[in-house]
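Listing of input01.csv, CSV, C-alpha atoms and all ligand atoms
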```csv
chain,number,residue,atom,x,y,z
V,1,MET,CA,51.0,3.9,-54.7
V,2,ALA,CA,54.3,5.3,-56.0
V,3,THR,CA,56.0,7.5,-53.3
V,4,ASN,CA,58.6,9.0,-55.6
V,5,ARG,CA,61.2,8.1,-53.0
V,6,THR,CA,64.0,5.6,-52.9
V,7,PHE,CA,66.6,4.6,-50.3
V,8,THR,CA,70.3,4.2,-51.0
V,9,MET,CA,73.5,3.4,-49.0
V,10,ILE,CA,77.0,4.4,-50.1
V,11,LYS,CA,78.7,1.1,-49.1
V,12,PRO,CA,81.9,0.7,-47.1
V,13,ASP,CA,84.1,0.2,-50.2
V,14,ALA,CA,83.0,3.5,-51.8
V,15,VAL,CA,83.4,5.3,-48.5
V,16,ALA,CA,86.8,3.9,-47.9
V,17,ASN,CA,87.9,4.7,-51.4
V,18,GLY,CA,86.9,8.4,-51.0
V,19,HIS,CA,83.9,8.4,-53.3
V,20,ILE,CA,81.2,9.9,-51.1
V,21,GLY,CA,81.4,13.3,-52.6
V,22,ALA,CA,81.5,12.1,-56.2
V,23,ILE,CA,78.6,9.7,-55.8
V,24,LEU,CA,76.5,12.4,-54.1
V,25,ASN,CA,77.3,14.7,-57.0
V,26,ASP,CA,76.2,12.1,-59.5
V,27,ILE,CA,73.0,11.5,-57.6
V,28,ILE,CA,72.2,15.2,-57.4
V,29,ALA,CA,73.1,15.7,-61.1
V,30,GLY,CA,70.7,12.9,-61.8
V,31,GLY,CA,67.9,15.0,-60.5
V,32,PHE,CA,67.4,13.5,-57.0
V,33,LYS,CA,66.8,15.6,-54.0
V,34,ILE,CA,68.2,14.5,-50.6
V,35,VAL,CA,65.4,14.0,-48.1
V,36,ALA,CA,67.5,12.5,-45.2
V,37,MET,CA,71.1,11.4,-44.8
V,38,LYS,CA,73.3,9.9,-42.1
V,39,TYR,CA,76.9,8.6,-41.8
V,40,ILE,CA,76.9,5.4,-39.6
V,41,GLN,CA,78.6,2.1,-38.9
V,42,LEU,CA,76.4,-1.0,-39.2
V,43,THR,CA,76.8,-3.8,-36.7
V,44,THR,CA,76.4,-7.5,-37.5
V,45,GLU,CA,72.9,-7.3,-36.0
V,46,THR,CA,71.8,-4.2,-38.0
V,47,ALA,CA,73.3,-5.3,-41.3
V,48,GLY,CA,71.9,-8.8,-40.7
V,49,ALA,CA,68.4,-7.4,-40.1
V,50,PHE,CA,68.6,-5.0,-43.1
V,51,TYR,CA,69.5,-7.9,-45.5
V,52,ALA,CA,67.3,-10.5,-43.8
V,53,VAL,CA,65.5,-11.0,-47.1
V,54,HIS,CA,68.8,-12.5,-48.4
V,55,SER,CA,69.5,-14.7,-45.4
V,56,ALA,CA,69.0,-17.9,-47.4
V,57,ARG,CA,71.4,-16.9,-50.2
V,58,PRO,CA,74.9,-18.3,-50.2
V,59,PHE,CA,76.6,-14.9,-50.0
V,60,TYR,CA,74.6,-13.6,-47.0
V,61,GLY,CA,77.4,-14.0,-44.4
V,62,GLU,CA,79.9,-12.4,-46.8
V,63,LEU,CA,77.5,-9.6,-47.4
V,64,VAL,CA,76.9,-8.9,-43.7
V,65,ASN,CA,80.7,-9.0,-43.1
V,66,PHE,CA,81.3,-6.6,-45.9
V,67,MET,CA,78.6,-4.2,-44.9
V,68,THR,CA,80.0,-4.0,-41.3
V,69,SER,CA,83.6,-3.5,-42.5
V,70,GLY,CA,83.5,0.3,-42.3
V,71,PRO,CA,81.1,3.2,-42.2
V,72,ILE,CA,78.3,3.8,-44.7
V,73,VAL,CA,76.1,6.7,-45.8
V,74,ALA,CA,72.4,6.1,-45.6
V,75,VAL,CA,70.2,8.4,-47.8
V,76,ILE,CA,66.5,8.8,-48.6
V,77,LEU,CA,66.1,10.4,-52.1
V,78,GLU,CA,63.2,11.9,-53.9
V,79,LYS,CA,62.5,12.2,-57.6
V,80,GLU,CA,59.6,11.4,-59.9
V,81,ASN,CA,60.0,7.7,-60.9
V,82,ALA,CA,62.7,7.4,-58.2
V,83,ILE,CA,63.0,3.6,-57.9
V,84,GLU,CA,63.5,2.9,-61.6
V,85,ASP,CA,65.6,6.1,-62.4
V,86,PHE,CA,67.9,5.4,-59.4
V,87,ARG,CA,68.5,1.7,-60.5
V,88,THR,CA,69.3,3.1,-64.0
V,89,LEU,CA,71.7,5.6,-62.4
V,90,ILE,CA,73.6,3.0,-60.4
V,91,GLY,CA,73.7,0.2,-63.0
V,92,ALA,CA,73.7,-3.6,-62.7
V,93,THR,CA,74.5,-5.4,-59.4
V,94,ASN,CA,77.7,-6.7,-61.0
V,95,PRO,CA,79.8,-3.7,-61.9
V,96,ALA,CA,81.4,-5.8,-64.7
V,97,GLU,CA,77.9,-5.7,-66.3
V,98,ALA,CA,77.0,-2.1,-65.3
V,99,ALA,CA,76.5,0.3,-68.2
V,100,GLU,CA,79.2,2.9,-69.0
V,101,GLY,CA,78.9,6.0,-66.8
V,102,THR,CA,76.7,4.4,-64.1
V,103,ILE,CA,77.8,4.7,-60.5
V,104,ARG,CA,78.7,1.1,-60.2
V,105,ASN,CA,80.6,1.2,-63.5
V,106,LYS,CA,82.6,4.1,-62.2
V,107,TYR,CA,83.1,3.4,-58.5
V,108,ALA,CA,82.6,-0.4,-57.8
V,109,LYS,CA,85.1,-3.2,-58.0
V,110,SER,CA,83.1,-6.4,-57.6
V,111,ILE,CA,79.7,-7.9,-57.2
V,112,ASP,CA,79.9,-7.8,-53.4
V,113,ALA,CA,81.7,-4.5,-53.0
V,114,ASN,CA,79.5,-2.7,-55.5
V,115,ALA,CA,79.6,0.9,-54.1
V,116,VAL,CA,75.9,1.5,-53.6
V,117,HIS,CA,72.5,0.1,-52.7
V,118,GLY,CA,69.3,1.0,-54.4
V,119,SER,CA,65.8,0.0,-53.3
V,120,ASP,CA,64.0,-2.4,-55.8
V,121,SER,CA,60.4,-1.3,-55.1
V,122,ASP,CA,58.3,1.5,-53.5
V,123,GLU,CA,57.4,-0.9,-50.7
V,124,ASN,CA,61.0,-1.7,-49.9
V,125,ALA,CA,62.1,1.9,-50.2
V,126,GLN,CA,59.6,2.7,-47.5
V,127,ILE,CA,60.7,-0.2,-45.3
V,128,GLU,CA,64.4,0.6,-45.8
V,129,GLY,CA,64.1,4.3,-45.2
V,130,ALA,CA,62.1,3.6,-42.0
V,131,PHE,CA,64.8,1.1,-40.9
V,132,PHE,CA,67.4,4.0,-40.7
V,133,PHE,CA,65.4,7.1,-40.1
V,134,SER,CA,62.7,8.0,-37.5
V,135,GLN,CA,59.5,9.7,-38.8
V,136,PHE,CA,60.9,13.0,-37.6
V,137,GLU,CA,64.0,12.6,-39.8
V,138,ARG,CA,62.2,11.9,-43.0
V,139,PHE,CA,59.7,14.6,-43.4
R,201,LIG,P1,71.0,-5.1,-55.8
R,201,LIG,O1,71.8,-4.5,-54.7
R,201,LIG,O2,71.5,-4.7,-57.2
R,201,LIG,O3,69.5,-4.9,-55.6
R,201,LIG,P2,70.6,-7.9,-54.9
R,201,LIG,O4,70.5,-9.1,-55.8
R,201,LIG,O5,69.4,-7.4,-54.2
R,201,LIG,O6,71.3,-6.7,-55.8
R,201,LIG,O7,71.8,-8.2,-53.9
R,201,LIG,C1,72.0,-7.4,-52.7
R,201,LIG,C2,73.5,-7.2,-52.5
R,201,LIG,O8,74.1,-8.5,-52.2
R,201,LIG,C3,74.2,-6.7,-53.8
R,201,LIG,O9,74.2,-5.3,-53.9
R,201,LIG,C4,75.6,-7.2,-53.5
R,201,LIG,O10,76.3,-6.3,-52.6
R,201,LIG,C5,75.4,-8.5,-52.8
R,201,LIG,N1,75.4,-9.7,-53.7
R,201,LIG,C6,74.6,-10.0,-54.7
R,201,LIG,N2,74.9,-11.1,-55.4
R,201,LIG,C7,76.1,-11.5,-54.8
R,201,LIG,C8,77.0,-12.5,-55.1
R,201,LIG,O11,76.8,-13.4,-56.0
R,201,LIG,N3,78.1,-12.6,-54.3
R,201,LIG,C9,78.4,-11.7,-53.3
R,201,LIG,N4,77.6,-10.7,-53.0
R,201,LIG,C10,76.4,-10.5,-53.8
```

Structure translated into structure tokens:
Amino acid sequence: MATNRTFTMIKPDAVANGHIGAILNDIIAGGFKIVAMKYIQLTTETAGAFYAVHSARPFYGELVNFMTSGPIVAVILEKENAIEDFRTLIGATNPAEAAEGTIRNKYAKSIDANAVHGSDSDENAQIEGAFFFSQFERF
């Protein structure tokens, strides 16, 4: 069942480059409501667990290193058709291929430092939101 929720992170590159405010503005202007939000530093253990699904991929170590290189903003968002609409708003994984005006087109520099995360399914949005927020924080 569609939950109308998605989960995003503003990644260390976008935080370090001062894009938190601009990215949140784009997200809100895109019609998303913020359900829960926190500013935190991932550890090797937490980033490794979050990306465990990618542990067999060649870039896994690089991804975990990058995601622990500075603070991130974790956010649960709500909107009708949230998963698909948010993936459209952020653009392709590789910013060089991201459509004009998308968040990755505007704020990302490379395929690894690509500014934001966006859940790829309702099931993963639920798992990822629950990874960062207790049931009392995501009402
Ligand atoms: P997505 O974030 O657009 O869903 P995924 O394929 O699920 O893309 O990959 C997860 C994350 O892993 C990407 O956002 C990116 O940060 C990183 N990543 C993906 N492909 C590569 C790569 O070829 N080299 C380095 N990092 C990558």

Which is closer to ligand LIG 201 (chain R) than all the others in V:Thr68, V:Ser119, V:Asn81, V:Gln126, using only C-alpha atoms and all ligand atoms?
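The answer is V:Ser119, which sits nearest to ligand LIG 201 (chain R).
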
Selection as a PyMOL selection string: residues within 9 Å of ligand LIG 201 (chain R) by all atoms listed in the file
chain V and resi 11+51+53-54+57-60+62-64+66-67+87+90-94+110-120

Could you give me, as a VMD selection string, the residues within 12 Å of Phe86 (chain V), counting all atoms listed in the file and dropping anything in the same chain fewer than 4 positions from it?
chain V and resid 4 to 9 26 to 33 76 to 82 90 to 92 102 to 104 116 to 122 125

V:Gly18, V:Gly61, V:Pro95, V:Phe132 ranked by distance to Ala74 (chain V), top pick (using all atoms listed in the file)
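Checking each of V:Gly18, V:Gly61, V:Pro95, V:Phe132 against Ala74 (chain V), counting all atoms listed in the file, the winner is V:Phe132.
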
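Using only C-alpha atoms, the smallest distance between any of V:Asp13, V:Val75, V:Asn65, V:Tyr39 and Gly129 (chain V) comes from V:Val75.
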
With only C-alpha atoms as the counted atoms, please give the residues lying no more than 7 Å from Gln41 (chain V), apart from itself and same-chain residues fewer than 4 positions off, as number ranges by chain.
V: 68, 70-72

Mind giving me the straight-line distance from CA of Glu128 (chain V) to CA of Phe50 (chain V) in Å, one decimal?
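Interatomic distance, CA of Glu128 (chain V) to CA of Phe50 (chain V): 7.5 Å.
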
Of the candidates V:Ala16, V:Ile23, V:Ile10, V:Ile34, which one gets nearest to Phe139 (chain V) if we count all atoms listed in the file?
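Closest to Phe139 (chain V), using all atoms listed in the file: V:Ile34.
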
d(CA of Val73 (chain V), CA of Gly101 (chain V)) in Å:
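Interatomic distance, CA of Val73 (chain V) to CA of Gly101 (chain V): 21.2 Å.
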
Looking at V:Asn124, V:Ser69, V:Thr3, V:Asn25, which one is nearest to Thr44 (chain V), with distances taken over only C-alpha atoms?
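Among V:Asn124, V:Ser69, V:Thr3, V:Asn25, it is V:Ser69 that comes nearest to Thr44 (chain V).
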
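Counting from CA of Gln135 (chain V), the distance to CA of Ala14 (chain V) is 27.6 Å.
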
Kindly indicate which residue among V:Leu42, V:Tyr107, V:Ile83, V:Met37 lies nearest to Arg138 (chain V), using all atoms listed in the file for the distances.
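Among V:Leu42, V:Tyr107, V:Ile83, V:Met37, it is V:Met37 that comes nearest to Arg138 (chain V).
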
Extract region 49-124 of chain V from the structure I just pasted (atoms: C-alpha atoms) and return it as a PDB file, in the first residue's frame.
```pdb
ATOM      1  CA  ALA V  49      24.038  -0.439   8.038  1.00  0.00           C
ATOM      2  CA  PHE V  50      21.944   2.089   6.113  1.00  0.00           C
ATOM      3  CA  TYR V  51      23.656   1.150   2.825  1.00  0.00           C
ATOM      4  CA  ALA V  52      23.974  -2.590   3.609  1.00  0.00           C
ATOM      5  CA  VAL V  53      21.895  -3.305   0.492  1.00  0.00           C
ATOM      6  CA  HIS V  54      24.844  -1.960  -1.549  1.00  0.00           C
ATOM      7  CA  SER V  55      27.537  -3.879   0.378  1.00  0.00           C
ATOM      8  CA  ALA V  56      28.438  -6.055  -2.629  1.00  0.00           C
ATOM      9  CA  ARG V  57      28.859  -3.100  -4.975  1.00  0.00           C
ATOM     10  CA  PRO V  58      32.384  -1.844  -5.779  1.00  0.00           C
ATOM     11  CA  PHE V  59      31.703   1.673  -4.492  1.00  0.00           C
ATOM     12  CA  TYR V  60      30.364   0.594  -1.059  1.00  0.00           C
ATOM     13  CA  GLY V  61      33.519   1.534   0.919  1.00  0.00           C
ATOM     14  CA  GLU V  62      33.762   4.857  -0.873  1.00  0.00           C
ATOM     15  CA  LEU V  63      30.057   5.513  -0.222  1.00  0.00           C
ATOM     16  CA  VAL V  64      30.353   4.802   3.516  1.00  0.00           C
ATOM     17  CA  ASN V  65      33.478   7.004   3.746  1.00  0.00           C
ATOM     18  CA  PHE V  66      31.718   9.827   1.974  1.00  0.00           C
ATOM     19  CA  MET V  67      28.544   9.574   4.052  1.00  0.00           C
ATOM     20  CA  THR V  68      30.582   9.802   7.273  1.00  0.00           C
ATOM     21  CA  SER V  69      32.687  12.757   6.069  1.00  0.00           C
ATOM     22  CA  GLY V  70      30.391  15.368   7.652  1.00  0.00           C
ATOM     23  CA  PRO V  71      26.910  15.923   9.051  1.00  0.00           C
ATOM     24  CA  ILE V  72      23.750  15.113   7.121  1.00  0.00           C
ATOM     25  CA  VAL V  73      20.096  16.124   7.390  1.00  0.00           C
ATOM     26  CA  ALA V  74      17.651  13.196   7.575  1.00  0.00           C
ATOM     27  CA  VAL V  75      14.053  13.990   6.625  1.00  0.00           C
ATOM     28  CA  ILE V  76      10.741  12.135   6.282  1.00  0.00           C
ATOM     29  CA  LEU V  77       8.509  13.776   3.676  1.00  0.00           C
ATOM     30  CA  GLU V  78       4.842  13.467   2.795  1.00  0.00           C
ATOM     31  CA  LYS V  79       3.054  14.088  -0.490  1.00  0.00           C
ATOM     32  CA  GLU V  80       0.708  12.166  -2.734  1.00  0.00           C
ATOM     33  CA  ASN V  81       2.838   9.922  -4.988  1.00  0.00           C
ATOM     34  CA  ALA V  82       5.846  10.845  -2.818  1.00  0.00           C
ATOM     35  CA  ILE V  83       8.367   8.240  -4.011  1.00  0.00           C
ATOM     36  CA  GLU V  84       8.053   8.938  -7.731  1.00  0.00           C
ATOM     37  CA  ASP V  85       7.587  12.709  -7.404  1.00  0.00           C
ATOM     38  CA  PHE V  86      10.625  13.033  -5.146  1.00  0.00           C
ATOM     39  CA  ARG V  87      12.830  11.011  -7.514  1.00  0.00           C
ATOM     40  CA  THR V  88      11.704  13.355 -10.297  1.00  0.00           C
ATOM     41  CA  LEU V  89      12.509  16.401  -8.126  1.00  0.00           C
ATOM     42  CA  ILE V  90      16.055  15.195  -7.345  1.00  0.00           C
ATOM     43  CA  GLY V  91      16.977  13.866 -10.816  1.00  0.00           C
ATOM     44  CA  ALA V  92      19.247  11.018 -11.918  1.00  0.00           C
ATOM     45  CA  THR V  93      21.846   9.438  -9.584  1.00  0.00           C
ATOM     46  CA  ASN V  94      24.631  10.868 -11.742  1.00  0.00           C
ATOM     47  CA  PRO V  95      24.258  14.670 -11.682  1.00  0.00           C
ATOM     48  CA  ALA V  96      25.751  14.844 -15.182  1.00  0.00           C
ATOM     49  CA  GLU V  97      22.585  13.051 -16.328  1.00  0.00           C
ATOM     50  CA  ALA V  98      20.136  14.847 -13.992  1.00  0.00           C
ATOM     51  CA  ALA V  99      17.500  16.955 -15.750  1.00  0.00           C
ATOM     52  CA  GLU V 100      17.832  20.740 -15.751  1.00  0.00           C
ATOM     53  CA  GLY V 101      16.433  22.317 -12.581  1.00  0.00           C
ATOM     54  CA  THR V 102      16.517  19.131 -10.489  1.00  0.00           C
ATOM     55  CA  ILE V 103      18.207  19.195  -7.080  1.00  0.00           C
ATOM     56  CA  ARG V 104      21.118  17.024  -8.217  1.00  0.00           C
ATOM     57  CA  ASN V 105      21.500  19.110 -11.386  1.00  0.00           C
ATOM     58  CA  LYS V 106      21.745  22.288  -9.295  1.00  0.00           C
ATOM     59  CA  TYR V 107      23.652  21.173  -6.200  1.00  0.00           C
ATOM     60  CA  ALA V 108      25.565  17.934  -6.893  1.00  0.00           C
ATOM     61  CA  LYS V 109      29.063  17.575  -8.278  1.00  0.00           C
ATOM     62  CA  SER V 110      29.583  13.841  -8.903  1.00  0.00           C
ATOM     63  CA  ILE V 111      27.901  10.438  -8.831  1.00  0.00           C
ATOM     64  CA  ASP V 112      29.170   9.726  -5.308  1.00  0.00           C
ATOM     65  CA  ALA V 113      28.753  13.254  -3.873  1.00  0.00           C
ATOM     66  CA  ASN V 114      25.274  13.666  -5.319  1.00  0.00           C
ATOM     67  CA  ALA V 115      23.677  16.014  -2.743  1.00  0.00           C
ATOM     68  CA  VAL V 116      20.611  13.999  -1.739  1.00  0.00           C
ATOM     69  CA  HIS V 117      19.199  10.553  -1.148  1.00  0.00           C
ATOM     70  CA  GLY V 118      15.664   9.563  -2.147  1.00  0.00           C
ATOM     71  CA  SER V 119      13.916   6.284  -1.287  1.00  0.00           C
ATOM     72  CA  ASP V 120      13.188   4.043  -4.283  1.00  0.00           C
ATOM     73  CA  SER V 121      10.014   2.318  -2.972  1.00  0.00           C
ATOM     74  CA  ASP V 122       7.304   2.647  -0.329  1.00  0.00           C
ATOM     75  CA  GLU V 123       8.795  -0.316   1.503  1.00  0.00           C
ATOM     76  CA  ASN V 124      12.282   1.235   1.601  1.00  0.00           C
TER      77      ASN V 124
END
```
